[in-house]
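Visitor: Please see the structure below; I have some questions.
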Amino acid sequence: MHEYWMKKAIDQASLSGEDVPVGAVLVKDGRLIASAYNCRERDNMPFAHAEILAMNQASRELGNRRLNGCTLYVTLEPCPMCAGAMMMACLDACVFGAFDKDYGCCGSLYALPLDERFSHRVKLIGGVLEHEAKEQLIAFFNTRREGR
């Protein structure tokens, strides 16, 4: 089940264009509610991360800022901003592909959504289709380096 939705997130990441290829899909009761990809460069917006865009879209779709019962699938481990937003949105779970040793706050550097000092915690599952998600990122950065 997790692999199916992660493949959908990987498909979203492939649409990122000049942005770092990160894709996200948000699922509730086995149904796709929202999908997004990084648009920071395209939209010149520092907060246009795939996770944030997918959660915003899901909130509009569901008519509620609280995303209880929802799972976010994202190709790269969420950063501190996105991890905090997941908690504020009251997500049930986040499933991610590649770990992010530089900014990851769902296990790599810190596990923000599991910190018991907060009133809401988000279940975390990392490494789902990790190889595929990581390869997409490596290919993107290799292409950028070649273009310099």
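Residues in the structure tokens are numbered from 1 in each chain, the chains being A, B, ... in the order shown, and ligands are numbered from 1 in the order shown.
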Find the spatial neighbours of Thr75 of chain A, counting only C-alpha atoms, within a cut-off of 7 Å - ignore same-chain residues fewer than 5 positions away - and output them as a ChimeraX atom specification.

Guide: /A:6,9-10,22-24,96-98,133

Visitor: With only C-alpha atoms as the counted atoms, please give the residues lying no more than 7 Å from segment 76-93 of chain A, apart from itself and same-chain residues fewer than 5 positions off, as a PyMOL selection string.

Guide: chain A and resi 22+51-52+65-71+98-100+103-106+112-113+120-124

Visitor: Selection from above, N, CA and C atoms, as a PDB file, in the first residue's frame, can you write it?

Guide:
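As a result, part22.pdb now contains:
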```
ATOM      1  N   VAL A  22      10.765  17.091  -5.555  1.00  0.00           N
ATOM      2  CA  VAL A  22      10.083  16.537  -4.394  1.00  0.00           C
ATOM      3  C   VAL A  22       8.605  16.540  -4.714  1.00  0.00           C
ATOM      4  N   GLU A  51       5.012  19.392   0.326  1.00  0.00           N
ATOM      5  CA  GLU A  51       4.195  19.025   1.485  1.00  0.00           C
ATOM      6  C   GLU A  51       3.190  20.121   1.844  1.00  0.00           C
ATOM      7  N   ILE A  52       3.673  21.355   1.886  1.00  0.00           N
ATOM      8  CA  ILE A  52       2.814  22.494   2.247  1.00  0.00           C
ATOM      9  C   ILE A  52       1.704  22.652   1.217  1.00  0.00           C
ATOM     10  N   ARG A  65      -9.177  22.715   8.188  1.00  0.00           N
ATOM     11  CA  ARG A  65      -7.732  22.881   8.360  1.00  0.00           C
ATOM     12  C   ARG A  65      -7.101  21.680   9.048  1.00  0.00           C
ATOM     13  N   ARG A  66      -7.909  20.930   9.751  1.00  0.00           N
ATOM     14  CA  ARG A  66      -7.421  19.723  10.429  1.00  0.00           C
ATOM     15  C   ARG A  66      -7.483  18.548   9.453  1.00  0.00           C
ATOM     16  N   LEU A  67      -6.370  17.875   9.312  1.00  0.00           N
ATOM     17  CA  LEU A  67      -6.288  16.757   8.372  1.00  0.00           C
ATOM     18  C   LEU A  67      -6.233  15.425   9.103  1.00  0.00           C
ATOM     19  N   ASN A  68      -7.062  15.310  10.136  1.00  0.00           N
ATOM     20  CA  ASN A  68      -7.161  14.055  10.883  1.00  0.00           C
ATOM     21  C   ASN A  68      -7.526  12.925   9.926  1.00  0.00           C
ATOM     22  N   GLY A  69      -6.922  11.766  10.145  1.00  0.00           N
ATOM     23  CA  GLY A  69      -7.219  10.608   9.313  1.00  0.00           C
ATOM     24  C   GLY A  69      -6.468  10.600   7.995  1.00  0.00           C
ATOM     25  N   CYS A  70      -5.608  11.574   7.778  1.00  0.00           N
ATOM     26  CA  CYS A  70      -4.867  11.677   6.523  1.00  0.00           C
ATOM     27  C   CYS A  70      -3.415  11.237   6.679  1.00  0.00           C
ATOM     28  N   THR A  71      -2.887  10.699   5.598  1.00  0.00           N
ATOM     29  CA  THR A  71      -1.476  10.336   5.521  1.00  0.00           C
ATOM     30  C   THR A  71      -0.849  11.092   4.364  1.00  0.00           C
ATOM     31  N   ALA A  98      13.249   9.182   0.580  1.00  0.00           N
ATOM     32  CA  ALA A  98      14.664   9.395   0.891  1.00  0.00           C
ATOM     33  C   ALA A  98      14.839  10.172   2.192  1.00  0.00           C
ATOM     34  N   PHE A  99      15.850   9.781   2.955  1.00  0.00           N
ATOM     35  CA  PHE A  99      16.218  10.527   4.155  1.00  0.00           C
ATOM     36  C   PHE A  99      17.018  11.759   3.735  1.00  0.00           C
ATOM     37  N   ASP A 100      16.918  12.833   4.519  1.00  0.00           N
ATOM     38  CA  ASP A 100      17.618  14.086   4.219  1.00  0.00           C
ATOM     39  C   ASP A 100      18.555  14.427   5.370  1.00  0.00           C
ATOM     40  N   TYR A 103      18.567  18.514   6.151  1.00  0.00           N
ATOM     41  CA  TYR A 103      17.428  19.253   6.706  1.00  0.00           C
ATOM     42  C   TYR A 103      16.337  18.377   7.300  1.00  0.00           C
ATOM     43  N   GLY A 104      16.485  17.077   7.224  1.00  0.00           N
ATOM     44  CA  GLY A 104      15.421  16.170   7.634  1.00  0.00           C
ATOM     45  C   GLY A 104      15.055  16.252   9.104  1.00  0.00           C
ATOM     46  N   CYS A 105      13.795  16.522   9.348  1.00  0.00           N
ATOM     47  CA  CYS A 105      13.307  16.623  10.732  1.00  0.00           C
ATOM     48  C   CYS A 105      12.234  15.591  11.039  1.00  0.00           C
ATOM     49  N   CYS A 106      12.339  14.440  10.366  1.00  0.00           N
ATOM     50  CA  CYS A 106      11.446  13.333  10.660  1.00  0.00           C
ATOM     51  C   CYS A 106      12.267  12.071  10.955  1.00  0.00           C
ATOM     52  N   LEU A 112      10.934  15.914  14.882  1.00  0.00           N
ATOM     53  CA  LEU A 112      10.018  16.934  15.407  1.00  0.00           C
ATOM     54  C   LEU A 112       8.599  16.414  15.641  1.00  0.00           C
ATOM     55  N   PRO A 113       7.997  15.691  14.686  1.00  0.00           N
ATOM     56  CA  PRO A 113       6.610  15.243  14.893  1.00  0.00           C
ATOM     57  C   PRO A 113       6.431  14.185  15.978  1.00  0.00           C
ATOM     58  N   HIS A 120       0.345  17.236  19.603  1.00  0.00           N
ATOM     59  CA  HIS A 120      -0.004  16.298  18.524  1.00  0.00           C
ATOM     60  C   HIS A 120       1.271  15.685  17.951  1.00  0.00           C
ATOM     61  N   ARG A 121       1.235  14.382  17.762  1.00  0.00           N
ATOM     62  CA  ARG A 121       2.348  13.687  17.150  1.00  0.00           C
ATOM     63  C   ARG A 121       1.878  13.028  15.848  1.00  0.00           C
ATOM     64  N   VAL A 122       2.795  12.922  14.913  1.00  0.00           N
ATOM     65  CA  VAL A 122       2.520  12.339  13.602  1.00  0.00           C
ATOM     66  C   VAL A 122       3.353  11.067  13.474  1.00  0.00           C
ATOM     67  N   LYS A 123       2.721   9.969  13.135  1.00  0.00           N
ATOM     68  CA  LYS A 123       3.439   8.712  12.920  1.00  0.00           C
ATOM     69  C   LYS A 123       4.350   8.888  11.705  1.00  0.00           C
ATOM     70  N   LEU A 124       5.586   8.397  11.803  1.00  0.00           N
ATOM     71  CA  LEU A 124       6.567   8.549  10.736  1.00  0.00           C
ATOM     72  C   LEU A 124       7.033   7.191  10.223  1.00  0.00           C
TER      73      LEU A 124
END
```

Visitor: Go through segment 47-144 of chain A and collect every residue that DSSP, computed from the backbone, puts in strand (DSSP E); the answer should be as a PDB file with all heavy atoms, in the first residue's frame.

Guide:
```pdb
ATOM      1  N   CYS A  70      -5.608  11.574   7.778  1.00  0.00           N
ATOM      2  CA  CYS A  70      -4.867  11.677   6.523  1.00  0.00           C
ATOM      3  C   CYS A  70      -3.415  11.237   6.679  1.00  0.00           C
ATOM      4  O   CYS A  70      -2.815  11.420   7.734  1.00  0.00           O
ATOM      5  CB  CYS A  70      -4.872  13.121   6.015  1.00  0.00           C
ATOM      6  SG  CYS A  70      -6.497  13.716   5.521  1.00  0.00           S
ATOM      7  N   THR A  71      -2.887  10.699   5.598  1.00  0.00           N
ATOM      8  CA  THR A  71      -1.476  10.336   5.521  1.00  0.00           C
ATOM      9  C   THR A  71      -0.849  11.092   4.364  1.00  0.00           C
ATOM     10  O   THR A  71      -1.399  11.125   3.263  1.00  0.00           O
ATOM     11  CB  THR A  71      -1.307   8.817   5.303  1.00  0.00           C
ATOM     12  OG1 THR A  71      -1.869   8.128   6.425  1.00  0.00           O
ATOM     13  CG2 THR A  71       0.161   8.433   5.167  1.00  0.00           C
ATOM     14  N   LEU A  72       0.301  11.696   4.636  1.00  0.00           N
ATOM     15  CA  LEU A  72       1.068  12.403   3.624  1.00  0.00           C
ATOM     16  C   LEU A  72       2.197  11.496   3.151  1.00  0.00           C
ATOM     17  O   LEU A  72       2.950  10.968   3.969  1.00  0.00           O
ATOM     18  CB  LEU A  72       1.649  13.692   4.220  1.00  0.00           C
ATOM     19  CG  LEU A  72       2.520  14.535   3.295  1.00  0.00           C
ATOM     20  CD1 LEU A  72       1.673  15.168   2.196  1.00  0.00           C
ATOM     21  CD2 LEU A  72       3.250  15.606   4.089  1.00  0.00           C
ATOM     22  N   TYR A  73       2.297  11.317   1.849  1.00  0.00           N
ATOM     23  CA  TYR A  73       3.400  10.581   1.231  1.00  0.00           C
ATOM     24  C   TYR A  73       4.263  11.599   0.522  1.00  0.00           C
ATOM     25  O   TYR A  73       3.762  12.382  -0.294  1.00  0.00           O
ATOM     26  CB  TYR A  73       2.868   9.553   0.223  1.00  0.00           C
ATOM     27  CG  TYR A  73       2.142   8.413   0.872  1.00  0.00           C
ATOM     28  CD1 TYR A  73       0.798   8.519   1.205  1.00  0.00           C
ATOM     29  CD2 TYR A  73       2.810   7.223   1.177  1.00  0.00           C
ATOM     30  CE1 TYR A  73       0.121   7.470   1.821  1.00  0.00           C
ATOM     31  CE2 TYR A  73       2.151   6.174   1.790  1.00  0.00           C
ATOM     32  CZ  TYR A  73       0.807   6.312   2.114  1.00  0.00           C
ATOM     33  OH  TYR A  73       0.161   5.269   2.733  1.00  0.00           O
ATOM     34  N   VAL A  74       5.549  11.611   0.829  1.00  0.00           N
ATOM     35  CA  VAL A  74       6.464  12.593   0.239  1.00  0.00           C
ATOM     36  C   VAL A  74       7.790  11.910  -0.095  1.00  0.00           C
ATOM     37  O   VAL A  74       8.241  11.031   0.646  1.00  0.00           O
ATOM     38  CB  VAL A  74       6.626  13.820   1.168  1.00  0.00           C
ATOM     39  CG1 VAL A  74       7.206  13.434   2.511  1.00  0.00           C
ATOM     40  CG2 VAL A  74       7.429  14.908   0.511  1.00  0.00           C
ATOM     41  N   THR A  75       8.377  12.316  -1.202  1.00  0.00           N
ATOM     42  CA  THR A  75       9.570  11.627  -1.696  1.00  0.00           C
ATOM     43  C   THR A  75      10.825  11.915  -0.890  1.00  0.00           C
ATOM     44  O   THR A  75      11.755  11.116  -0.899  1.00  0.00           O
ATOM     45  CB  THR A  75       9.824  11.973  -3.174  1.00  0.00           C
ATOM     46  OG1 THR A  75       9.966  13.380  -3.313  1.00  0.00           O
ATOM     47  CG2 THR A  75       8.679  11.474  -4.038  1.00  0.00           C
ATOM     48  N   LEU A  76      10.872  13.035  -0.184  1.00  0.00           N
ATOM     49  CA  LEU A  76      12.037  13.411   0.616  1.00  0.00           C
ATOM     50  C   LEU A  76      11.594  13.727   2.040  1.00  0.00           C
ATOM     51  O   LEU A  76      10.562  14.376   2.240  1.00  0.00           O
ATOM     52  CB  LEU A  76      12.733  14.639   0.009  1.00  0.00           C
ATOM     53  CG  LEU A  76      13.997  15.143   0.692  1.00  0.00           C
ATOM     54  CD1 LEU A  76      15.106  14.092   0.644  1.00  0.00           C
ATOM     55  CD2 LEU A  76      14.466  16.433   0.027  1.00  0.00           C
ATOM     56  N   ALA A  93      -0.245  10.542   9.774  1.00  0.00           N
ATOM     57  CA  ALA A  93       1.036   9.922   9.453  1.00  0.00           C
ATOM     58  C   ALA A  93       1.713  10.604   8.276  1.00  0.00           C
ATOM     59  O   ALA A  93       1.055  11.225   7.449  1.00  0.00           O
ATOM     60  CB  ALA A  93       0.843   8.439   9.128  1.00  0.00           C
ATOM     61  N   CYS A  94       3.027  10.426   8.236  1.00  0.00           N
ATOM     62  CA  CYS A  94       3.838  10.862   7.106  1.00  0.00           C
ATOM     63  C   CYS A  94       4.729   9.699   6.707  1.00  0.00           C
ATOM     64  O   CYS A  94       5.446   9.141   7.538  1.00  0.00           O
ATOM     65  CB  CYS A  94       4.690  12.072   7.468  1.00  0.00           C
ATOM     66  SG  CYS A  94       5.856  12.544   6.155  1.00  0.00           S
ATOM     67  N   VAL A  95       4.669   9.340   5.433  1.00  0.00           N
ATOM     68  CA  VAL A  95       5.495   8.290   4.874  1.00  0.00           C
ATOM     69  C   VAL A  95       6.407   8.970   3.866  1.00  0.00           C
ATOM     70  O   VAL A  95       5.937   9.692   2.990  1.00  0.00           O
ATOM     71  CB  VAL A  95       4.628   7.216   4.179  1.00  0.00           C
ATOM     72  CG1 VAL A  95       5.505   6.138   3.554  1.00  0.00           C
ATOM     73  CG2 VAL A  95       3.625   6.626   5.155  1.00  0.00           C
ATOM     74  N   PHE A  96       7.715   8.771   4.017  1.00  0.00           N
ATOM     75  CA  PHE A  96       8.630   9.431   3.087  1.00  0.00           C
ATOM     76  C   PHE A  96       9.617   8.438   2.491  1.00  0.00           C
ATOM     77  O   PHE A  96       9.834   7.361   3.027  1.00  0.00           O
ATOM     78  CB  PHE A  96       9.349  10.617   3.741  1.00  0.00           C
ATOM     79  CG  PHE A  96      10.223  10.293   4.910  1.00  0.00           C
ATOM     80  CD1 PHE A  96      11.564   9.985   4.732  1.00  0.00           C
ATOM     81  CD2 PHE A  96       9.718  10.300   6.199  1.00  0.00           C
ATOM     82  CE1 PHE A  96      12.382   9.695   5.810  1.00  0.00           C
ATOM     83  CE2 PHE A  96      10.514  10.013   7.296  1.00  0.00           C
ATOM     84  CZ  PHE A  96      11.863   9.706   7.096  1.00  0.00           C
ATOM     85  N   GLY A  97      10.208   8.859   1.377  1.00  0.00           N
ATOM     86  CA  GLY A  97      11.142   8.005   0.647  1.00  0.00           C
ATOM     87  C   GLY A  97      12.564   8.180   1.119  1.00  0.00           C
ATOM     88  O   GLY A  97      13.050   7.435   1.967  1.00  0.00           O
ATOM     89  N   ALA A  98      13.249   9.182   0.580  1.00  0.00           N
ATOM     90  CA  ALA A  98      14.664   9.395   0.891  1.00  0.00           C
ATOM     91  C   ALA A  98      14.839  10.172   2.192  1.00  0.00           C
ATOM     92  O   ALA A  98      14.079  11.096   2.482  1.00  0.00           O
ATOM     93  CB  ALA A  98      15.323  10.161  -0.264  1.00  0.00           C
ATOM     94  N   LYS A 123       2.721   9.969  13.135  1.00  0.00           N
ATOM     95  CA  LYS A 123       3.439   8.712  12.920  1.00  0.00           C
ATOM     96  C   LYS A 123       4.350   8.888  11.705  1.00  0.00           C
ATOM     97  O   LYS A 123       3.950   9.456  10.686  1.00  0.00           O
ATOM     98  CB  LYS A 123       2.450   7.575  12.667  1.00  0.00           C
ATOM     99  CG  LYS A 123       3.104   6.237  12.431  1.00  0.00           C
ATOM    100  CD  LYS A 123       2.063   5.156  12.172  1.00  0.00           C
ATOM    101  CE  LYS A 123       2.749   3.844  11.853  1.00  0.00           C
ATOM    102  NZ  LYS A 123       1.786   2.791  11.541  1.00  0.00           N
ATOM    103  N   LEU A 124       5.586   8.397  11.803  1.00  0.00           N
ATOM    104  CA  LEU A 124       6.567   8.549  10.736  1.00  0.00           C
ATOM    105  C   LEU A 124       7.033   7.191  10.223  1.00  0.00           C
ATOM    106  O   LEU A 124       7.349   6.301  11.015  1.00  0.00           O
ATOM    107  CB  LEU A 124       7.785   9.328  11.234  1.00  0.00           C
ATOM    108  CG  LEU A 124       7.513  10.721  11.798  1.00  0.00           C
ATOM    109  CD1 LEU A 124       8.785  11.297  12.409  1.00  0.00           C
ATOM    110  CD2 LEU A 124       6.962  11.637  10.710  1.00  0.00           C
ATOM    111  N   ILE A 125       7.080   7.057   8.901  1.00  0.00           N
ATOM    112  CA  ILE A 125       7.619   5.860   8.264  1.00  0.00           C
ATOM    113  C   ILE A 125       8.547   6.341   7.157  1.00  0.00           C
ATOM    114  O   ILE A 125       8.105   6.989   6.204  1.00  0.00           O
ATOM    115  CB  ILE A 125       6.505   4.971   7.673  1.00  0.00           C
ATOM    116  CG1 ILE A 125       5.540   4.534   8.769  1.00  0.00           C
ATOM    117  CG2 ILE A 125       7.115   3.772   6.945  1.00  0.00           C
ATOM    118  CD1 ILE A 125       4.290   3.848   8.260  1.00  0.00           C
ATOM    119  N   GLY A 126       9.835   6.069   7.308  1.00  0.00           N
ATOM    120  CA  GLY A 126      10.810   6.518   6.320  1.00  0.00           C
ATOM    121  C   GLY A 126      11.401   5.384   5.520  1.00  0.00           C
ATOM    122  O   GLY A 126      11.351   4.219   5.928  1.00  0.00           O
TER     123      GLY A 126
END
```

Visitor: May I have the residues within 8 Å of Asp19 of chain A as a ChimeraX atom specification, using only C-alpha atoms and disregarding those fewer than 4 positions away in the same chain?

Guide: /A:38-42

Visitor: Could you turn the residues from that selection into a file that holds C-alpha atoms, as an mmCIF file, in the first residue's frame?

Guide:
```cif
data_model
loop_
_atom_site.group_PDB
_atom_site.id
_atom_site.type_symbol
_atom_site.label_atom_id
_atom_site.label_comp_id
_atom_site.auth_asym_id
_atom_site.auth_seq_id
_atom_site.Cartn_x
_atom_site.Cartn_y
_atom_site.Cartn_z
ATOM 1 C CA ASN A 38 7.978 21.677 -5.290
ATOM 2 C CA CYS A 39 7.297 25.070 -6.876
ATOM 3 C CA ARG A 40 9.753 27.307 -4.985
ATOM 4 C CA GLU A 41 11.718 28.362 -8.058
ATOM 5 C CA ARG A 42 8.782 28.519 -10.460
#
```

Visitor: Please extract the residues of segment 2-91 of chain A with a backbone DSSP assignment of helix (DSSP H, G or I) and present them as an NGL selection string.

Guide: :A and (2-13 or 40-43 or 50-62 or 80-88)

Visitor: List as a VMD selection string the protein and nucleic acid residues near Glu3 of chain A, meaning an atom at most 8 Å away when only C-alpha atoms are counted, but skip any in the same chain fewer than 3 places from it.

Guide: chain A and resid 6 to 7 128 to 129

Visitor: As a PyMOL selection string, please: the residues near Gln57 of chain A (cut-off 9 Å, only C-alpha atoms, same-chain neighbours under 6 positions excluded).

Guide: chain A and resi 33-36

Visitor: Mind pulling up the distance from atom CA of Arg117 of chain A to atom CA of Arg60 of chain A?

Guide: 28.9 Å

Visitor: Out of A:Leu109, A:Ala50, A:Phe140, A:Leu26, which residue has the shortest atom-to-atom distance to Leu62 of chain A when counting only C-alpha atoms?

Guide: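 For Leu62 of chain A, the nearest of the candidates is A:Leu26.
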
Visitor: Using only C-alpha atoms, pick whichever of A:Asp11, A:Phe47, A:Glu18, A:Tyr4 has the shortest atom-to-atom distance to Thr143 of chain A.

Guide: A:Glu18

Visitor: For Ala48 of chain A, which of A:Ala139, A:Asp102, A:Val20, A:Glu130 is the closest residue, counting only C-alpha atoms?

Guide: A:Val20

Visitor: Distance atom CA of Asn44 of chain A-atom CA of Ser59 of chain A, one decimal place?

Guide: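 Calculated distance between atom CA of Asn44 of chain A and atom CA of Ser59 of chain A is 22.7 Å.
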
Visitor: Work out how far atom CA of Lys134 of chain A is from atom CA of Ala13 of chain A, in Å to one decimal.

Guide: 11.4 Å
